[in-house]
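Participant: Quick one: the structure is below, and I'll ask about it shortly.
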Amino acid sequence: MQITKRQLFGDIDFQKIAEDKDFKEDSVREVIILPILKHLGYQEDDIVRSKTLMHPTLKIGSNKKREVKLIPDYLLKVENNYALVLDAKSPNKKIVHNDNVEQVYCYAMHPEICSNYFALCNGIEFSLFRTTNPGEPILFFEMSDIEYYWEQLAMYLSPDAFHTGKNITYIVKTDNYSSPQNDDDWYKKRPLLEEIPVKKQAAKRHFGCNAYFTRQTWNVVQEYIRNYTQRGDLVLDPFGGSGVTFVESLMTERKAIHIDLNPLSTFMVESLIAPAKKNELWDSFVAIKREFEKFVPKNDVEVQKALKKYKLPKNLDLALPKNADVGTIKELFTEQQLAELALLKYLIKKEPNENIKKSLFLAFYNTVGVINRTFHETPKGGGNHFGYYYRYRLASKPAFKNTIQVFEGKIKRVCKGKEEMSHSINEDAINNAQIIKGTATDLSFLKKESVDYIYTDPPYGKKIPYLDLSAMWNAWLDLKVTEEDFQMEAIEGGEHNKTKQEYNELIAQSIREMYRVLKFDRWLSFVFAHKDPEFWHLIINTAESCGFEYVGAVAQKNGQTSFKKRQNPFTILSGQLIINFRKVRKPRAILSANLGMTTSELVMQTIEGIIAKNNGATIEQINNEIIIKGLELNFLLRLAKEYSDLTPILRSSFDYNAETELYTIRKNSKFTSHIPIEMRIKYYLVDYLQRIEREQKRNPTLEEITFNVMPMLRNGDTPENQTVLSVLEEIAEQVEGDRWKLKQNGQGKLFE
Ligand SMILES: C[S@@+](CC[C@H](N)C(=O)[O-])C[C@H]1O[C@@H](n2cnc3c(N)ncnc32)[C@H](O)[C@@H]1O
């Protein structure tokens, strides 16, 4: 069951708790822990508070056992056995890798308890351990993220998760996402997810550790993985980028394969997951800092000397794209910056431990992004480099930052990210994972039907030329990009002037490969954002022609606003759709509904529908709705030909409020009233009934149908229920008593 933070704790502010000196152990117990236990399903009688234990070995006088101060805060009973010890600590106390853990471990091991699990909570963090491995938690999260960990928490700790018996054993999975392995039915019936609120910066393993041009939101990806897979399943992302799919798969105990053409991507992901102990990484950094400060060039003469001594990567002489402000990569740096980065790289290379070295290079990579002439500070603090503008643009007022201080900041972030991952991504997990520099168009190293789920997010046409824009980092990291890589890169335009046709072919080939390697009854979630319906048509068409069955598309915000969007807030799309396909043995194609409307009527009807439903709609909501309706009601091709850009129609026929960024219906306008009401009803009925069928939901009743369709018809004359019924009778038939189902192709006149 999903739960929100508010449902658990009301309006609590965890930041304030951390700073509040009066918020101590007892508050943690009552304000934080108790609601968790109640929502997990424990009754008052199951919760044993502050039980005094008898020390097992301490005896005095005539063999009498002496009571000692061993008092766990909470013992949780499941059918008269103790399933778990849960101890509260005050917010300033550590709850991993610390004596506090040992103390609670002792409680759990006590002969009067013998629980298989123990947990600690300090009000702002939660850690859960198995008594078989008290050194590493099996779950660790910040309380502010609890809703994202709730499924896992419930899976481990809800009363249903435990067998009876003194040696309580963990029953695999009780949550909504799980069922016994190899049950194809479980996969077939996975629901579509609604839009998920984004939680951009909460995961330190992504934010601040490995910057990239675009990144999927970790909590969205994690929820998709949980929804479509079970523990131990294999998840693939063939356009892996910064590795969000890969890392979240490992974090949730799945196996994972990451593929990307850009060597920077594979470098990032490998370095990110390389296990490195925080203190060892820090010690190595301290040694590097000492050397750096000793040898850093202090004047021009020393800079020249350093440039001779510490070799610069030869690819710094490579040419930049034509739209860059300078000719070569090297010119993106001052000589001082070049000398300092070269010295830093030289010192990092001396580190003997490979995993520590990779981690240092990850921080180095992030440092190069700051120590160059394109980086400038922003008024709100922080700063931007050229990646923000998708062009090598020199800053008019570059911020010349202190190299070693920047490196130190990046090291700290890498340490935090590693610590967060260390609980889940261990050697075992890494052995079950593959990181491959390769192309999504050739997955021949994978057997057919070997993958359980694909979540992927390919480049969107000409939006970002990844290889061109990664050249600066690839050069510093000595990573090679070949001509073949450029040929295989799925983009439009870029320095290699790739055509739309080339892009289309690469995307189509990658979809064919995804189909081949996916098991039957498993899912593909394909993330895409583009204004041009032709691209959408290509994706749907290719997927269907391979044998995928389209199930549904969901609008999903990604929590990022691009530079272009900020410049053109009214026209540039910032949303994205996640299109979900199933690989089934007998796929049904999207049916071609003959709605009797012209394309312009369909477009107007769709825009009006979303505006009426939400009382105004943003450009993203309108675009998303047009694309979804276009592909579900099969008018994408017509749309591509006649409406590759919706802005003119929106500007001429609707009102726009710059403050709310909402398009609304023009006052006193009933522009769709010339479309007969029956036709409008038919449009929504077909749309609704088709969706129900694809999602394998139960056929709806008349009441459910009218409830869903009426809100869309708010503008113009509201139809009588009777009118809805008469249109319904024309296109659908009654089944199971009072329920309705679309007439099938050939039976009625509905489909072409
Ligand atoms: C939108 S990004 C993926 C971002 C990723 N989802 C994340 O969260 O970080 C698309 C990625 O596709 C990669 N790419 C482009 N063409 C490719 C191809 N033919 N095979 C594999 N990867 C490719 C790019 O290098 C880029 O990293």
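By order of appearance in the structure tokens: chains A, B, ..., then residues from 1 within every chain, and ligands from 1 in the order shown.
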Could you tell me, counting only C-alpha atoms and all ligand atoms, which protein and nucleic acid residues lie no more than 8 Å from ligand 1, written as a ChimeraX atom specification?
Facilitator: /A:212-218,237-245,259-262,265,437-441,456-460,466-467,485,488-491,506-507,510
Participant: Mind checking which residues fall within 12 Å of Ala433 in chain A, counting only C-alpha atoms, ignoring those fewer than 3 positions away in the same chain, and posting them as number ranges by chain?
Facilitator: A: 232-237, 243, 245-251, 253-259, 269-270, 273-274, 425-430, 436
Participant: Which residues, written as a PDB file with C-alpha atoms, in the first residue's frame, have at least one atom at most 8 Å from Leu128 in chain A, with only C-alpha atoms counted and residues fewer than 4 positions away on the same chain left out?
Facilitator:
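Final output, selection-v8.pdb:
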```
ATOM      1  CA  TYR A 117      15.800  -8.079  12.422  1.00  0.00           C
ATOM      2  CA  PHE A 118      16.592  -4.935  14.339  1.00  0.00           C
ATOM      3  CA  ALA A 119      16.159  -1.297  13.444  1.00  0.00           C
ATOM      4  CA  LEU A 120      17.160   2.158  14.645  1.00  0.00           C
ATOM      5  CA  PRO A 137      21.995  -2.262   7.016  1.00  0.00           C
ATOM      6  CA  ILE A 138      19.662  -3.866   4.501  1.00  0.00           C
ATOM      7  CA  LEU A 139      17.721  -0.642   4.355  1.00  0.00           C
ATOM      8  CA  PHE A 140      18.782   2.892   5.142  1.00  0.00           C
TER       9      PHE A 140
END
```
Participant: Find the distance between CA of Ile196 in chain A and CA of Trp523 in chain A and write it in Å to one decimal.
Facilitator: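 Distance reported for this atom pair: 18.4 Å.
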Participant: Out of A:Gln434, A:Asn315, A:Ser359, A:Ser525, which residue has the shortest atom-to-atom distance to Ala475 in chain A when counting only C-alpha atoms?
Facilitator: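 Smallest separation from Ala475 in chain A among the options: A:Asn315.
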Participant: Hey, what's within 10 Å of Arg585 in chain A if we count only C-alpha atoms and toss same-chain stuff fewer than 5 positions away? As a list in words, please?
Facilitator: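 The neighbour list is Phe520, Asp521, Gly547, Phe548 and Glu549 of chain A.
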Participant: I'd like the neighbourhood of Leu332 in chain A as a PyMOL selection string, where a residue qualifies if any of its atoms comes within 12 Å (using only C-alpha atoms), though same-chain residues fewer than 4 positions away should be ignored.
Facilitator: chain A and resi 316-320+324-328+336-338+368-375+385-386+392-395+398+471-473
Participant: Looking only at alpha helix (DSSP H) from DSSP on the backbone, list the matching residues of range 511-546 of chain A as number ranges by chain.
Facilitator: A: 511-517, 533-546
Participant: Would you list the contacts of Cys209 in chain A as a list in words, taking every protein, DNA or RNA residue within 6 Å and counting only C-alpha atoms, but skipping same-chain residues closer than 3 positions in sequence?
Facilitator: His206, Arg413 and Val414 of chain A
Participant: Save the residues we just selected, N, CA and C atoms, as a compact mmCIF listing (two decimals), in the first residue's frame?
Facilitator:
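Once written, out-v3.txt looks like this:
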```
# COMPACT_ATOMS: atom_id res chain seq x y z
N HIS A 206 22.73 10.19 -6.98
CA HIS A 206 22.59 10.79 -8.31
C HIS A 206 22.92 12.28 -8.27
N ARG A 413 30.68 15.03 -1.92
CA ARG A 413 29.42 14.53 -2.50
C ARG A 413 29.55 13.08 -2.93
N VAL A 414 30.70 12.77 -3.52
CA VAL A 414 30.91 11.37 -3.94
C VAL A 414 30.87 10.47 -2.70
```
